[in-house]
Amino acid sequence: MVKTWDTTPAAKQRVAAKSILKNLLILSFVIGFLVWSYRGAGIQLSQLFSRDSFEQILIYVKKLFPPDLSAVVLHEALKGSMETFAISFMGTLMAVVIALSTVLFASRNLIYSGLLYEMEPKQGWKRTARMLPYLAAKSPLNILRTIPEMVWALIFVFLVGLGSFAGVLALGVHTGGVLGKLFGEVLEDVDNQPIESLQATGANRLQILFYGIVPQVLPQFISYILYRWEVNIRVAAVLGLVGAGGLGQRIHIAISLFLENQLLTFLIFIYILVTVADYLSSYLRRKLI
Amino acid sequence: MNQPAQSLTRQSHRSLFPYLFTALFLFAIIDSWQRAGIDPKVLFETKGRESLWKFLAGMFPPDLSWNFLSLMLRPTLETIQISLWGTVIAVMIGFPLGLLGTNNLIVRGILNEAELQGAPLRRSLRYAIYLSARGILSLFRCIPEFVWAFMFVRAVGLGPFPGVLAIGVAYGGMLGKVYSEIFEGVNYRPLEALQSLGANKLQIFFYGWFPQALPNFASYTLYRWECAVRASAILGLVGAGGLGQQIEISMRMFNFNEVLTILIILFLMVAAVDYLSAKVRALL
Amino acid sequence: MIHVNSSRQQYRLEAVHKIFGRGQVALNGIHLGIQKGERVALIGPSGAGKTTLFRLLNYTLRPTSGKLWINGEDVENLHGRRLRQARRLIGTVYQQHNLVPRLSVIHNVLAGQLGRWSTLRSLTSLAKPHEMEIAHKALSQVGIPDKIFERTDELSGGQQQRVAVARVLVQDPEVILADEPVSSVDPTLASTIVRLLIDISESTRKTLVVSLHSVDLALAYFPRVIGVKHGKAAFDLAPDKISEAMLEDLYAGSVREKGATEVLSEPTSSIAYPAIS
């Protein structure tokens, strides 16, 4: 039986077979990587389920209960929660400012290529001149977001001393980098059709920005901001471990002084704080987007 | 007659929100400013500027001595290993829980209608499963990796292992939540079609749900791995292996050039992970 | 085991109501009987309940009240495995194709076999497709055999619709339901697809129920046309017994799509534009 359809799809089938081989190769590489890491990290999953460590965990968990609900501790927990909230709030705000001011330069399609610049004469030096701010903007953002918040916190604690301010700066700077990258991606993926029609009516670049680009990107921006704020509540709590204020600082003290019951109280407050922030964020998400 | 009046009041009720929001927002700014002890002056007064200068000047040149670099080799590798297995465990935890926490897979939705109409016991059982899955994920998510790391250190001792577990659990919660959101956002129509031609639940899942969700899954999981690399580096601060411990030591000893080296290493690691994940994403 | 009814009745609905969550009445006491091998067209304005009716006819939904017999079996009695087996006997072509976008065409077409394949076989097929000849034959019948390994979302709307029909062919059911299969397709292709469905129904003696936006297609090709409005059957007649007045009544208050030829000769708006010649 002559399979007349073999001619075109056969080529595709052969290509498919080749890619299956490639996939297998990659798979074996990945498995090798995993095995090496397993040995290297000294992971022994069996150890986790052994009687010994199970007992250890149980003993520790028992030490946490009951939570210390005395007035002093509750007061500290409340204060710490509000501090953590404030740190996350101001930190995210600072991040938004940083991100917005740099992102305009870090988007290729706004600065030197793409639709907005199609009709520009392709003069070499002008294009290069426009590329410079782009490159200059991208790298610092990368640095900001690669250095983990904790390290930033350590740095800022050194620079401005212990306390919440260091936390705000650390959060602001790191999240600024993260948001800058996310915003940049949104701006680059923007739908070109409205921009094209605006440009065709003779609008200048600033008008195009506000009429065509901003309305498209704003909902996604807000979504990212709310998401990072949600994350930052947790981060703010943790930054306290290196002395940057909030619940984290109090947790650190509780751990160091072996006051497990207080630790549980603070953990409960973190849980409440994060859950409330989650709800608030979904509520705002619905209302603002 | 009542219609216009009603619509008017409803409109004014709707437009109250922006004012409320702005007022609360401004209040939050003012209150938080104070509470967080924000004081930009500190950065600019003499002590601040001196410290900044000391820091920046001390960083260059980075300590590239063989001594230090060879010392850093092990923690660096450890960091990558911790991040990898941490993410793997996170997926192992997050995927099943995320599935169970998907509303329109477990509880409601068209796929369950024809079977569950008038079966209150089964329905409430499913709802209970759904809620517990979500609750567990929430618990895992809310407790910061650090605290998990600390608790695991108590349980299994120092070293990279507790770090792996901490990331596994904490990220598992995050992955699970996002997985269930991805699942819920899948286009329903192909699923309905598959059901109508007689496919069973597993077949519907693999032919309809999974192919649609896979790209988003992979994308987010890779992103989480990137975060895990950074998190693993830090977990050293609680003795859970990785570069974190060294950063703290170097900072406290004011060896800023060592700090810069570590930061460069970190930077390179993340860049490598970024590159890898971009490649993997392109494959899909 | 499915109770195979020796009677000739494929579908029987008695006083079927379907009410959705917020009191939305989709079907309002509809009575209907369809024999095996019949070819029926459903017409009516949007929101009349046609899609809901289809979802009842293919075991996706159950009636809120009233009785529905498919193949002589009351749908209330079907659950689990028997329900799935029953579903396999009904094939549906949807308006929006309802194909899985990221799967290649061959997997989407072979999905028609899922009711027959064991779970394990269906999963291994995703890695390397089983029974490719069946898929190829079906795709040839609808005219696009060369697209077999392409990714489904890279095909045009009309091609995707044909893939959906191919899927039903592979499924080889007793009944073919088509919910507005040609609404998003250009008029010539629409006639082709409707004729294809009718050919399949005639040659394999499958029951065919199609809902159509285009009244002309319905009147031209089907021996029995049911007008659906407000969740009820307004009329249920052969085309020569349907008057223009009945059609006006059916579509009163909504936009009715006339045949392609008529649209071209009618002015579409009252504003006088210079004629584009």
# chains A, B, ... in the order shown; residues from 1 in each chain; ligands from 1

$ interface_residues --of "chain B" --to "chain C" --cutoff "7 Å" --atoms "only C-alpha atoms" --output "VMD selection string"
chain B and resid 113 to 115 189 to 190 193 196 to 200 202 to 203 208 211 to 212

$ closest_atom_pairs --of "chain C" --to "chain A" --cutoff "9 Å" --atoms "only C-alpha atoms" --output "Markdown table"
| residue | atom | partner | partner_atom | distance |
| --- | --- | --- | --- | --- |
| C:His136 | CA | A:Trp5 | CA | 8.4 |
| C:Pro145 | CA | A:Trp5 | CA | 7.4 |
| C:Asp146 | CA | A:Trp5 | CA | 6.9 |
| C:Lys147 | CA | A:Pro9 | CA | 8.2 |
| C:Ile148 | CA | A:Pro9 | CA | 7.4 |
| C:Phe149 | CA | A:Pro9 | CA | 6.7 |

$ interface_residues --of "chain A" --to "chain B" --cutoff "8 Å" --atoms "only C-alpha atoms" --output "ChimeraX atom specification"
/A:34,37-38,40-44,47-48,53-54,56-57,60,82-83,85-87,89-90,143,146-148,150-151,154-155,158-160,163-165,168,234-235,238,267,270-271,274-275

$ select_by_dssp --residues "region 91-135 of chain C" --states "alpha helix (DSSP H)" --output "list of chain:residue names"
C:Val105, C:Ile106, C:His107, C:Asn108, C:Val109, C:Leu110, C:Thr119, C:Leu120, C:Arg121, C:Ser122, C:Leu123, C:Thr124, C:Ser125, C:Leu126, C:Ala127, C:Met132, C:Glu133, C:Ile134, C:Ala135

$ write_last_selection --atoms "N, CA and C atoms" --output "short mmCIF file (atom, residue, chain, number, x, y, z; two decimals), in the first residue's frame"
data_model
loop_
_atom_site.label_atom_id
_atom_site.label_comp_id
_atom_site.auth_asym_id
_atom_site.auth_seq_id
_atom_site.Cartn_x
_atom_site.Cartn_y
_atom_site.Cartn_z
N VAL C 105 -2.08 18.13 15.54
CA VAL C 105 -3.36 17.71 14.96
C VAL C 105 -3.61 16.23 15.19
N ILE C 106 -2.56 15.41 15.04
CA ILE C 106 -2.78 13.98 15.15
C ILE C 106 -3.28 13.58 16.52
N HIS C 107 -2.77 14.23 17.57
CA HIS C 107 -3.25 13.88 18.90
C HIS C 107 -4.67 14.31 19.11
N ASN C 108 -5.01 15.49 18.58
CA ASN C 108 -6.37 15.96 18.72
C ASN C 108 -7.34 15.03 18.01
N VAL C 109 -6.92 14.57 16.83
CA VAL C 109 -7.81 13.68 16.07
C VAL C 109 -7.92 12.32 16.76
N LEU C 110 -6.78 11.80 17.20
CA LEU C 110 -6.79 10.49 17.86
C LEU C 110 -7.53 10.52 19.19
N THR C 119 -6.44 3.80 29.64
CA THR C 119 -5.69 4.99 30.03
C THR C 119 -4.22 4.86 29.64
N LEU C 120 -3.65 3.70 29.90
CA LEU C 120 -2.23 3.51 29.61
C LEU C 120 -1.95 3.71 28.13
N ARG C 121 -2.83 3.15 27.29
CA ARG C 121 -2.62 3.26 25.86
C ARG C 121 -2.73 4.72 25.42
N SER C 122 -3.67 5.44 26.01
CA SER C 122 -3.81 6.83 25.60
C SER C 122 -2.59 7.65 26.00
N LEU C 123 -1.98 7.31 27.14
CA LEU C 123 -0.82 8.07 27.55
C LEU C 123 0.39 7.77 26.68
N THR C 124 0.59 6.47 26.37
CA THR C 124 1.73 6.14 25.54
C THR C 124 1.56 6.71 24.13
N SER C 125 0.31 6.86 23.72
CA SER C 125 0.07 7.44 22.40
C SER C 125 0.57 8.87 22.32
N LEU C 126 0.56 9.56 23.46
CA LEU C 126 1.04 10.94 23.45
C LEU C 126 2.53 10.98 23.13
N ALA C 127 3.24 9.93 23.54
CA ALA C 127 4.66 9.88 23.24
C ALA C 127 4.89 9.47 21.79
N MET C 132 -2.07 5.61 13.58
CA MET C 132 -1.96 6.82 12.77
C MET C 132 -2.79 6.74 11.50
N GLU C 133 -2.98 5.52 10.95
CA GLU C 133 -3.71 5.40 9.68
C GLU C 133 -5.14 5.87 9.84
N ILE C 134 -5.72 5.56 10.99
CA ILE C 134 -7.10 5.97 11.22
C ILE C 134 -7.20 7.49 11.19
N ALA C 135 -6.25 8.12 11.85
CA ALA C 135 -6.26 9.58 11.87
C ALA C 135 -6.07 10.13 10.47
#
